[in-house]
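Working notes, structure below.
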2 protein chains.
Amino acid sequence: MYRSHTNGELRIENVNSEVTLCGWVQKSRDLGAMTFVDLRDRYGITQLIFYKDPKSITLEHSRHIANFDEWSNNKELFESVKNLGREDVIQAKGKVIERESINNNIGTGKIEIVVTELTILNKSKTPPFTIEDETDGGEELRMQYRYLDLRRNPLQNNLKLRHRLSIEIRKYLDSINFFEIETPYLIKSTPEGARDFVVPSRMNPNQFYALPQSPQTFKQLLMVSGYDRYYQIVRCFRDEDLRADRQPEFTQIDCEMAFVDQEDVLNTFEGMMDYLFKKVKGIEVKAFPRMDYAFAMEQYGSDKPDIRFGMTFNYINEVAQNKGFQIFDDAEAVIAIVAEDCSTYTRKELDKLVDFVKRPQVGAKGMIYVKYNEDGSFKSSVDKFYSQEDLKAWADKCNAKAGDLILVLSGDKTETQNQMNVLRLHLGDELGLRNPNEYAPLWVYDMPLFEWDEDSKRYHSVHHPFTSPKEEDMNLLESDLGKVRSNSYDMVINGTEIGGGSIRIHDKEVQATMFKYLGFTKEEAQAQFGFLMNAFEYGAPPHGGIALGFDRLCALFGGQETIRDFIAFPKNNSGRDVMIDSPSPISLEQLDELNILIKPTTKFVE
Amino acid sequence: MYRSHTNGELRIENVNSEVTLCGWVQKSRDLGAMTFVDLRDRYGITQLIFYKDPKSITLEHSRHIANFDEWSNNKELFESVKNLGREDVIQAKGKVIERESINNNIGTGKIEIVVTELTILNKSKTPPFTIEDETDGGEELRMQYRYLDLRRNPLQNNLKLRHRLSIEIRKYLDSINFFEIETPYLIKSTPEGARDFVVPSRMNPNQFYALPQSPQTFKQLLMVSGYDRYYQIVRCFRDEDLRADRQPEFTQIDCEMAFVDQEDVLNTFEGMMDYLFKKVKGIEVKAFPRMDYAFAMEQYGSDKPDIRFGMTFNYINEVAQNKGFQIFDDAEAVIAIVAEDCSTYTRKELDKLVDFVKRPQVGAKGMIYVKYNEDGSFKSSVDKFYSQEDLKAWADKCNAKAGDLILVLSGDKTETQNQMNVLRLHLGDELGLRNPNEYAPLWVYDMPLFEWDEDSKRYHSVHHPFTSPKEEDMNLLESDLGKVRSNSYDMVINGTEIGGGSIRIHDKEVQATMFKYLGFTKEEAQAQFGFLMNAFEYGAPPHGGIALGFDRLCALFGGQETIRDFIAFPKNNSGRDVMIDSPSPISLEQLDELNILIKPTTKFVE
């Protein structure tokens, strides 16, 4: 038994108890006759006090200390505490006393420990950066010494939150009859979707396992097997060129239900989120609005709108075209948004917005503004073409009021929607309308089933090839694939897609048809997904499900952006773990046993 | 909404309710004027009843059925039910009525549903084997159609138990402040231990990740990081030649604690097991006996003794040697066990035991028996060498009583212990002393730190290189590595090792010393475990932990032997998933991107 209490545990009720504490030296302050040490562990900080001489103990304290004779080794003790450095691991025995100057910031702030015995369990070298909430260490150094960075409170709080969320998710799903069922990690490579990580099989030479991009087919098989409600908090793998804050391995809350329609799935997971917000954040979230994809694109130019703020799109072609302004006249769409109470924007501020939308990442050719002044007059960048009455008509069309600022982009409809989406979010940030501690979830549904891929010159699945088409769009399969909608839905919170799912195909013929439209030959479909299509012949129930990104959900609940801060041992943007230095070369013996060779880097001429 | 209730839900209180049920046709019985259908889902079975003609409804039933006019489509309905086959997926609407002949075996046995509307959701081909508790399908066929085998009750119960266990384990560990922290699956290959599965990195050519054999080093780093109490129910991977019932991927309950000694760890996980036995099995388990390794070997010839029964070893050298029986006289050990009340064993039964111990897998040269007859006389296979008094002395030495049977093996001590262990377990099985519904857990501790490996002619870690040596054996490190004991412990239940762990090394110097004795050069140790040894320089706390085999624990709680029956999608003994046909070849493009080649099978002569 190394300790009697943790460093977050002792309270005023414990005064006079003899205790043993363990932990890390957060800091020490030598005041001459006494030294204070802040002792830290996961649970908190407790103040230790070492006296040079028992006689130096203040009257206040001496009341609590019964036997000065036990302090014979006090000088020695006092000397040893002088050698303590930050992050040393120690064990301290002593007595709990009431603290003279209360620290209300910490739970243990009303007590301190007069130490009578000190054991140094392990010395620490000086850490390469400070173990404080705000550290002086750079990103790279902290990744290399991840085990030290993980000592800092912000990261400890993140991992604690992650644990709490995983526990509560499981509690909730268990309470409504979901079984967690583990699916295999060594599966089969399929070319559909992102790139697989593969694993050479030693026992089956020339053959490879693949790591799952998701347990999709297995969870569908579990529905065929009658498990009715499945979930798994499960690692998934994608060998993609990493963009910022993407991880090659990530964690998913993977769920599937049988005998359900879309409404059943949405209600179930809205229920889960309500529970989590309440239980983990203490927040009551309003019912999730539901918005079809077409509406979301029309109103927000995005399939994951941030609805914490308004500023929805107004299509003003009708009032803006045919007044001689060529740019609008030639445009497919003229889209306006209203920044409330922003008519006082200066020329400089407006120019910055113009620069913003003209950046190649946004790609607009320009931006028109209309100030609806407090006095009811209008001032715009197109006053040459439009009268005050014209601009009043714009304002009416946009439901703008005096004091507002109207911003207009125009051009190809889809492009303009995309650009306006970026501008809207940018303004939301600038105007402080995107509070990370406010949560605005919604469902977006009826996404397209297929999307055209310019590279491969064929249609791909938007979601995956097991998503069912909407009954009423089946007639479009032959005529216009791009228009076919699917029984799919995304959970969006604060402009981030937290998860998505669909009602699946459960009919073998429909599944075969889908593969055909995705350009699979019958043989390819059979070779890759034969087991699933065969399973559909033996009584597959109607089923559907969802997968939520757990890393992202944790970051969202933590009110932060970076998922890496919610993963204990993340990889960097090259997919490397710089702490353990992985990946790394393996031995020739290993390669040999696996029956593979490294390709020579020199290309030989044939 | 496909259904109003599940098939395990309706009770007598629901009589007269209009309900909609979904499920699989378990069986149907055509009785001429009516047809019964058993409708199955995960939750149970409900009996459906279809009448040919409303007029044929018995008086008893007609009381419950209000409006016969609604039954206009009855003939059609009755015809359609005739075409239902086993495993068809249907939706049935109807009214709950009281059942005439109650079935007490099922929760829904007091009611049945008079069906008024039937929808066939998906037809099923005839399954290749029967979906019954006892199926007619062979192992291989059932593995190929795993999704159908998983419909059977025994497997559904197993996976339900697995879910229940995982939920309760998490609840318990959460309640005592453990955090579940996910560690990476793409890590670094280390030659120590079993063979790694490796994953070629596309972004880091010529380099490989490895899949973890366990999160050992990461959990130790988490202790260095101050997480104090960590657990994870986590997949682990070992590329071993598979023995029966070994899986290349398996699940571990992985735990680690800081500031603990061995006693703290044992108490914590004994507490967890107590909780699980009580919560999941409704069983109160007595306190776990604790037994050191040396004692277990001496008394049971095994480091994982089954203590559901006695039959411990008696060393009878003293009374059995020097009486002219050369085989005993030459033996290092003469070991006897007592089979209670077995003096009536026939010659044939004894010969079978002799044959058993002489099998090459056991390897004994022979077996001596002594019957201690009810009348107090002795009959043995060595009566030529031993008098009745001699045999009485044996019996006394073994605490045998009249009516018992004494069985004796002799030879090299370790070999004889091993052989006697096998014989003891065999007798335990034969005599019905190993009841799978009785649970006898214990701790075995103080295992050797090193074991000699004949193949590599060097010492290996028994546990792993991070296990700490016993303080009092440190002086043996130079003189006799084989005698050094470790601070290690195994949890053993019913003769199966359910888990093991140790107090780890937390001192960099001790860790470096250990690597030296394991034959690592300083450079090798640094290259492979440098990150861990570096971490030890920054204030590593004393720590220790345990890992429990979750698949095995599930089988044990299920009272069964085969872990494969507790894994949804297991692999066969060649590491193949025959259902999805994996592993499988991958495309040349994939190989090319990964910068690897398949080794040509033809060996070229240089």
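In the structure tokens, each chain is lettered A, B, ... as it comes, each chain's residues begin at 1, and ligands are numbered from 1 in order of appearance.
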Residue set, region 294-361 of chain B restricted to strand (DSSP E or B), as a list in words: Asn314, Tyr315, Ala333, Val334, Ile335, Ala336, Ile337, Val338 and Ala339 of chain B
Got time to write the residues from that selection, C-alpha atoms, as a PDB file, in the first residue's frame?
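Written output follows (out_36.pdb):
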```
ATOM      1  CA  ASN B 314       2.295 -37.073  -2.226  1.00  0.00           C
ATOM      2  CA  TYR B 315       6.027 -37.598  -2.440  1.00  0.00           C
ATOM      3  CA  ALA B 333      10.660 -38.574  -7.394  1.00  0.00           C
ATOM      4  CA  VAL B 334       7.993 -41.117  -6.542  1.00  0.00           C
ATOM      5  CA  ILE B 335       4.657 -39.318  -6.615  1.00  0.00           C
ATOM      6  CA  ALA B 336       1.326 -40.727  -5.522  1.00  0.00           C
ATOM      7  CA  ILE B 337      -2.204 -39.432  -5.768  1.00  0.00           C
ATOM      8  CA  VAL B 338      -5.296 -40.821  -4.129  1.00  0.00           C
ATOM      9  CA  ALA B 339      -8.524 -41.465  -6.022  1.00  0.00           C
TER      10      ALA B 339
END
```
I need the residues in region 185-288 of chain A that are alpha helix (DSSP H) according to DSSP; give them as JSON, numbers by chain. {"A": [216, 217, 218, 219, 220, 221, 222, 223, 224, 262, 263, 264, 265, 266, 267, 268, 269, 270, 271, 272, 273, 274, 275, 276]}
Got a sec: who's within 10 Å of Asp133 (chain A), counting only C-alpha atoms, leaving out chain neighbours fewer than 5 positions off, as a list in words? Asp149, Arg151, Arg152, Asn153, Pro154 and Leu155 of chain A
